[in-house]
Amino acid sequence: EPSKFPEIDIDLSFVSETYEPIKNAVLETNSPLVKKVCVTDVYKDENAKSITVRITFAHKDRTLTMEEVQAVVNKIIEILKNKSITLKD
């Protein structure tokens with residue numbers, strides 16, 4: 001049965017050659033708020049490759065706040081920064 005509470009989709013673009021470390025960083029947060037993650041775009045130019053992912057957040061019992069979502073997003077960014085993967089400018 002679909003939740004009556006809205007999902008929040010966040011798109012993030014990382015400079016990375018592969019999707020694997022991005023997916024692993026999302027899993028590493030171990031957040032119950034993350035419902036799915038998928039690649040929405042891959043861009044490659046002469047300098048670098050970037051991968052855009054859409055992360056879907058939801059809670060079955062209530063509406064999420066942007067603060068809750070941003071805390072998980074910040075954790076993902078931090079995990080990837082420690083692996084030398086940064087957000088695309």
# chains A, B, ... in the order shown; residues from 1 in each chain; ligands from 1
>>> select_by_dssp(residues="chain A", states="strand (DSSP E or B)", output="ChimeraX atom specification")
/A:8-15,34-44,49-57,86-87
>>> residues_around(residues="stretch 26-29 of chain A", least_positions_apart="4", cutoff="7 Å", atoms="only C-alpha atoms", output="number ranges by chain")
A: 22, 72, 75-76
>>> write_last_selection(atoms="C-alpha atoms", output="short mmCIF file (atom, residue, chain, number, x, y, z; two decimals), in the first residue's frame")
data_model
loop_
_atom_site.label_atom_id
_atom_site.label_comp_id
_atom_site.auth_asym_id
_atom_site.auth_seq_id
_atom_site.Cartn_x
_atom_site.Cartn_y
_atom_site.Cartn_z
CA ILE A 22 28.30 6.44 -4.57
CA VAL A 72 21.72 12.16 5.45
CA LYS A 75 26.76 12.28 5.56
CA ILE A 76 26.84 10.86 2.01
#
>>> select_by_dssp(residues="stretch 26-76 of chain A", states="helix (DSSP H, G or I)", output="list in words")
Val26, Leu27, Glu28, Met66, Glu67, Glu68, Val69, Gln70, Ala71, Val72, Val73, Asn74, Lys75 and Ile76 of chain A
>>> closest_residue(among="A:Ile51, A:Ala71, A:Val37, A:Ile79", to="A:Glu17", atoms="only C-alpha atoms")
A:Ile51
>>> closest_residue(among="A:Leu87, A:Leu33, A:Val39, A:Val73", to="A:Asp61", atoms="only C-alpha atoms")
A:Leu33
>>> residues_around(residues="A:Pro32", least_positions_apart="5", cutoff="10 Å", atoms="only C-alpha atoms", output="list in words")
Leu27, Phe57, Ala58 and His59 of chain A
>>> closest_residue(among="A:Asn30, A:Asp45, A:Ile8, A:Asn24", to="A:Gln70", atoms="only C-alpha atoms")
A:Ile8
>>> residues_around(residues="A:Phe5", least_positions_apart="3", cutoff="7 Å", atoms="only C-alpha atoms", output="list in words")
Lys60, Arg62 and Thr63 of chain A
>>> write_last_selection(atoms="all heavy atoms", output="CSV table (one decimal), in the first residue's frame")
chain,number,residue,atom,x,y,z
A,60,LYS,N,7.3,6.1,6.6
A,60,LYS,CA,6.0,5.5,6.5
A,60,LYS,C,5.0,6.1,7.4
A,60,LYS,O,3.8,6.1,7.2
A,60,LYS,CB,6.0,4.0,6.7
A,60,LYS,CG,6.4,3.5,8.0
A,60,LYS,CD,6.4,2.0,8.1
A,60,LYS,CE,6.9,1.4,9.4
A,60,LYS,NZ,6.0,1.8,10.5
A,62,ARG,N,5.2,9.5,8.8
A,62,ARG,CA,5.1,11.0,8.9
A,62,ARG,C,5.8,11.7,7.7
A,62,ARG,O,6.5,11.0,7.0
A,62,ARG,CB,5.7,11.5,10.2
A,62,ARG,CG,7.2,11.1,10.4
A,62,ARG,CD,7.7,11.6,11.7
A,62,ARG,NE,9.0,11.0,11.9
A,62,ARG,CZ,10.1,11.6,11.4
A,62,ARG,NH1,10.1,12.6,10.6
A,62,ARG,NH2,11.3,11.0,11.6
A,63,THR,N,5.6,13.0,7.6
A,63,THR,CA,6.3,13.7,6.6
A,63,THR,C,7.7,14.1,7.1
A,63,THR,O,7.9,14.5,8.2
A,63,THR,CB,5.5,15.0,6.3
A,63,THR,OG1,4.2,14.7,5.8
A,63,THR,CG2,6.2,15.9,5.2
>>> atom_distance(atom1="atom CA of A:Val69", atom2="atom CA of A:Thr86")
18.8 Å
>>> closest_residue(among="A:Lys35, A:Asn82, A:Lys88, A:Glu46", to="A:Leu12", atoms="only C-alpha atoms")
A:Lys88
>>> atom_distance(atom1="atom CA of A:Asp41", atom2="atom CA of A:Asp11")
9.9 Å
>>> atom_distance(atom1="atom CA of A:Tyr19", atom2="atom CA of A:Arg54")
12.0 Å
>>> closest_residue(among="A:Glu20, A:Val15, A:Ser31, A:Ile77", to="A:Lys44", atoms="only C-alpha atoms")
A:Val15
